[in-house]
Amino acid sequence: MRSGKKSIRLFAFLIVINASFKAFSQNTFTIKGKVTDASTGDPIPFANIGIKGSASGAVTNFDGLYQITYTPPADSILVTYVGYVTKSKAIVPDQQSQVIDIQMSPGALQLREVKIFAGENPAYAFMRKIVARKTKNNSEELDAYEYESYNKIQIDIDNLSEKFRNRKSVKKMTHIVDKYDEVKGENGETIIPIFISESVSNVYYRRNPRKKKEVINKTKVSGVGLTDGSLVSQVVGSSFQQYNFYNNWLNILDKDFVSPISDSWKLYYEYYLADSVSNGSGYDYQIDFEPRHEQDLAFTGSFWVDGETFALTQMDVSVGKRANLNFIEKIKIQQSYELFEDEKTWIPSKTRVLIDVDEPTKQTAGMLLKFYSANSRYKINSPRDNRFYDTAIELKEDYMQHDSTFWARSRPEPLSATELLSFQLVDSLKVLPVVKTYTEILNVFVNGYKKIDKWNIDIGPYLFLYANNAVEGHRIRLGFKTDPGFSRKWIFSGYGAYGTRDKAFKYGAGIDYIIDRKPWTMAGIYYSKDLERLGVSAETIGPNTIFGAFSRFGAFRRPYWQEDISAYFKRELVKGLSGSVQLRHRNFNPLFEFAYKTDAALGAESPLKSSFDITEINFETRLASKETFLQNDNERISMGNGNSPALTLRYTAGFKHFLGGDFSYNKFSFNIKHSFRSGVIGRTYYNLTLGYIPSTLPYPLLYTPLGNESLFYVDNAYNLMRYFEFISDRYIAFRMEHNFEGLLFNRIPAIRKLKLRMLATGKVFYGSVSDANIALTTTQDESGHEIQTFNRLKDRPYVELGYGIDNIFKAGRIDFVHRLTYLDNPNVTPFAVKISFWFSL
């Protein structure tokens, strides 16, 4: 009987337990939803979700999604996130499963208050382990990797001022956009989408030698004012959306931002150990951080690390408008990492970037740039052949051939209704006549040419249309070049000019032929007859077209006529290594008093001559291992060489009697250009040239450093040296500039809001002229008149040092330059203030 009673009691107990469990299960409720930015519509990952008055909580994933299970009673849900206003929303009672989407409004970028008690900051112990294992956890330290990348970019115009809205051109655009609430801001303000794109590509990387390649498979691009889809299709891929926080510095918008896990982390950031979460076998840790100085180019935000490997698993950083940047309201970068089990390596999986551009003036508008990248199908430690990586960015032949089914299966997630509408709106806006007009004006301003579509030519460049100097008087010049609509292989160009004082015509014409685009190979011929002047020729000025145009103004001392004909061939041999050869014949007919001895051995008895012809072959090779090029129509655009030096070796051989040449000679030069980060003190740029001419030649054929007699500061010139002040046949030319960015001025309370940046410059030129070349020079012409010769350096170099302030009113720069040597030369200025202007972030 007792045994039976015990069985009955056990059975009853199990019934009660089961009933209780069912009752408990029935009282478990679920809430799920998505958290987004109210102003941009973008998901907010890593936001904290909690039930008010309850221990239940969750964190949104990278796509802003969350799910919470809780037990009633509960009346509201609470969402918090650094940089946003805390948001709460009511829970519908007695509803077992419900969806609550939350829109959060941006607020102050400020971490919550944290109290640090005596002893070391607990976050520091984690930071030391993270930094110590950076090399092991950095995916760029793998032997190789490759993956498929999906990229999406959208650019919108926002924050339209009333004056900007009332412009005729803008009204026609807002008339179309204002019909749709889906693309309006949280307060109903107008947002104009002007660009949206998608791309799918394959990215390949190998560590030794360090090379990277992207093959862009498909692109879908729509943009207001877009004229060349191929160039943009190269930009919208993965190559320009890379953010590696394991590096000490991240280059964003051509500015160096210090990583929160850099080797110098203690100098730039304050850290707080915010949370730890069990991952089953251990813990993940959340560390919050903020800049020690809010105007530094540093981030505010949080990152999460794996407690076993101390590798990054999530990163969320922001830069506010107080940083030393112009026109930027906010930069936000969010990145998630995925564990690659085979290698126990965390690799970048998804990246989202938002750049909010402030309106430059109260009468204009702002801009919102959004980037999204998702990487998948990783393959690790299987490097390909070295030559495979020679082309950094490659477009597949059929990159524009695709349909809706391709994008449906290629996207990690479907486009939102707003994004689908944006594609349609951009297509509608770009056909407006007023938009086409403004696009043409912008192209003229940026490229310097006016397109004539009917004839497939570009007229310009406009900088050279007019000049005035003492020799030519008013100089009028008009030029042209053909565009890709004329030919994808042949490029014809030419110009004509006329001077009202010398009443002489000048002209030039050229033909270029693109032999191959992979690897890039070109050939061409060029002819010109024009007025030049010693020391300020196109060869010495280089690519500085603005200085070249303005150098046509003024006194125009030591002018000469030059008839020049040349033919060239150039080719990219392998990635980063290019070579060229040029055959050139030109003559020199001076308009100033000039003569040279044709036989220096005869001394004063030597016959004199005042003109000459030369025929030469120029060989040049250039090594820039990390330089990336984009193909824009019929030309290539360099996107820079990163932090690696660019080396150029040039050899010139002159041939006497060949095509009428008067001299045999050799010239050698070697140049190195480099830009690198100098730790906490800023960025350094330098340019070093070594040259040697072991031949006997008239002084116009020797090397002349570029002087500058203008009011403007010129980077590739000696700014207190006069035109043609010195000449050498063996020389060292060195130019250096160091930009402290905001390092010094950011620490001065009274002026740090001006966002000024300090810089220092130094330029040195040292060389000599051989006795043989001096002996070739005469001080009298054929008629016995005294003539000018040239100055040469003595036993000391030419030196000028300077210091300056950049970012004055966000566009100006002022340099204070001191000349330290050769102060006794005629018409020397020992000190000058030079100005310059350019758009700078």
# chains A, B, ... in the order shown; residues from 1 in each chain; ligands from 1
>>> residues_around(residues="Ile732 of chain A", least_positions_apart="4", cutoff="6 Å", atoms="only C-alpha atoms", output="tab-separated table (two decimals) with C-alpha atoms, in the first residue's frame")
chain	number	residue	atom	x	y	z
A	689	THR	CA	66.87	63.74	-57.79
A	690	LEU	CA	70.47	62.86	-58.68
A	765	PHE	CA	70.02	72.22	-54.54
A	766	TYR	CA	73.71	71.43	-54.87
>>> residues_around(residues="Asp795 of chain A", least_positions_apart="5", cutoff="12 Å", atoms="only C-alpha atoms", output="CSV table (one decimal) with all heavy atoms, in the first residue's frame")
chain,number,residue,atom,x,y,z
A,765,PHE,N,69.5,72.5,-53.2
A,765,PHE,CA,70.0,72.2,-54.5
A,765,PHE,C,71.5,72.4,-54.5
A,765,PHE,O,72.0,73.4,-54.1
A,765,PHE,CB,69.4,73.1,-55.6
A,765,PHE,CG,70.0,72.8,-57.0
A,765,PHE,CD1,69.5,71.7,-57.7
A,765,PHE,CD2,70.9,73.6,-57.6
A,765,PHE,CE1,70.0,71.4,-58.9
A,765,PHE,CE2,71.5,73.3,-58.8
A,765,PHE,CZ,71.0,72.2,-59.5
A,766,TYR,N,72.2,71.4,-54.9
A,766,TYR,CA,73.7,71.4,-54.9
A,766,TYR,C,74.2,70.8,-56.1
A,766,TYR,O,73.8,69.7,-56.6
A,766,TYR,CB,74.3,70.7,-53.7
A,766,TYR,CG,75.8,70.9,-53.5
A,766,TYR,CD1,76.3,72.1,-53.4
A,766,TYR,CD2,76.6,69.8,-53.4
A,766,TYR,CE1,77.7,72.3,-53.2
A,766,TYR,CE2,78.0,69.9,-53.3
A,766,TYR,CZ,78.5,71.2,-53.2
A,766,TYR,OH,79.8,71.4,-53.0
A,767,GLY,N,75.2,71.5,-56.8
A,767,GLY,CA,75.7,71.0,-58.0
A,767,GLY,C,76.9,71.8,-58.5
A,767,GLY,O,77.4,72.7,-57.8
A,768,SER,N,77.4,71.4,-59.6
A,768,SER,CA,78.6,72.1,-60.2
A,768,SER,C,78.6,72.0,-61.7
A,768,SER,O,77.8,71.3,-62.3
A,768,SER,CB,79.9,71.5,-59.6
A,768,SER,OG,80.0,70.1,-60.0
A,769,VAL,N,79.5,72.8,-62.3
A,769,VAL,CA,79.7,72.8,-63.8
A,769,VAL,C,81.1,72.4,-64.1
A,769,VAL,O,82.0,73.0,-63.5
A,769,VAL,CB,79.3,74.1,-64.4
A,769,VAL,CG1,79.4,74.1,-65.9
A,769,VAL,CG2,77.9,74.5,-64.0
A,821,THR,N,71.1,81.0,-48.5
A,821,THR,CA,72.4,81.1,-49.2
A,821,THR,C,72.3,81.9,-50.5
A,821,THR,O,71.2,82.1,-51.0
A,821,THR,CB,73.0,79.7,-49.5
A,821,THR,OG1,72.0,79.0,-50.3
A,821,THR,CG2,73.3,78.9,-48.2
A,822,TYR,N,73.5,82.3,-51.0
A,822,TYR,CA,73.6,83.1,-52.2
A,822,TYR,C,72.7,84.3,-52.2
A,822,TYR,O,72.0,84.7,-53.1
A,822,TYR,CB,73.2,82.2,-53.4
A,822,TYR,CG,74.2,81.1,-53.6
A,822,TYR,CD1,73.9,79.8,-53.1
A,822,TYR,CD2,75.4,81.3,-54.3
A,822,TYR,CE1,74.8,78.8,-53.3
A,822,TYR,CE2,76.3,80.2,-54.4
A,822,TYR,CZ,76.0,79.0,-53.9
A,822,TYR,OH,76.8,77.9,-54.0
>>> residues_around(residues="Val203 of chain A", least_positions_apart="6", cutoff="9 Å", atoms="only C-alpha atoms", output="MDAnalysis selection string")
chainID A and resid 145:149 212:216 238:239
>>> residues_around(residues="Asn643 of chain A", least_positions_apart="2", cutoff="12 Å", atoms="only C-alpha atoms", output="list in words")
Trp249, Leu250, Asn251, Asp254, Asp256, Ala624, Ser625, Lys626, Glu627, Gly640, Asn641, Pro645, Ala646, Lys673, His674, Ser675, Phe676, Arg677, Ser678, Arg683, Thr684, Tyr685 and Tyr686 of chain A
>>> closest_residue(among="A:Thr615, A:Ser105, A:Asn708, A:Ser580", to="Leu649 of chain A", atoms="only C-alpha atoms")
A:Ser580
>>> closest_residue(among="A:Arg571, A:Arg384, A:Lys34, A:His402", to="Val221 of chain A", atoms="only C-alpha atoms")
A:His402
>>> residues_around(residues="segment 780-790 of chain A", least_positions_apart="6", cutoff="9 Å", atoms="only C-alpha atoms", output="PyMOL selection string")
chain A and resi 592-596+607-610+699+724-727
>>> write_last_selection(atoms="C-alpha atoms", output="mmCIF file, in the first residue's frame")
data_model
loop_
_atom_site.group_PDB
_atom_site.id
_atom_site.type_symbol
_atom_site.label_atom_id
_atom_site.label_comp_id
_atom_site.auth_asym_id
_atom_site.auth_seq_id
_atom_site.Cartn_x
_atom_site.Cartn_y
_atom_site.Cartn_z
ATOM 1 C CA PHE A 592 68.151 86.923 -76.557
ATOM 2 C CA GLU A 593 71.872 87.535 -76.891
ATOM 3 C CA PHE A 594 73.519 84.135 -76.763
ATOM 4 C CA ALA A 595 76.609 82.439 -78.218
ATOM 5 C CA TYR A 596 78.824 79.454 -77.517
ATOM 6 C CA PRO A 607 84.209 80.138 -83.996
ATOM 7 C CA LEU A 608 80.975 81.195 -82.247
ATOM 8 C CA LYS A 609 77.466 80.021 -82.895
ATOM 9 C CA SER A 610 74.146 81.147 -81.448
ATOM 10 C CA TYR A 699 74.611 75.763 -71.128
ATOM 11 C CA PHE A 724 67.387 80.421 -64.679
ATOM 12 C CA GLU A 725 69.430 81.558 -61.684
ATOM 13 C CA PHE A 726 71.629 78.458 -61.503
ATOM 14 C CA ILE A 727 72.814 75.771 -63.868
#
>>> atom_distance(atom1="atom CA of Val92 of chain A", atom2="atom CA of Thr60 of chain A")
20.8 Å
>>> atom_distance(atom1="atom CA of Val131 of chain A", atom2="atom CA of Asn247 of chain A")
10.5 Å
>>> atom_distance(atom1="atom CA of Val35 of chain A", atom2="atom CA of Ile49 of chain A")
9.5 Å
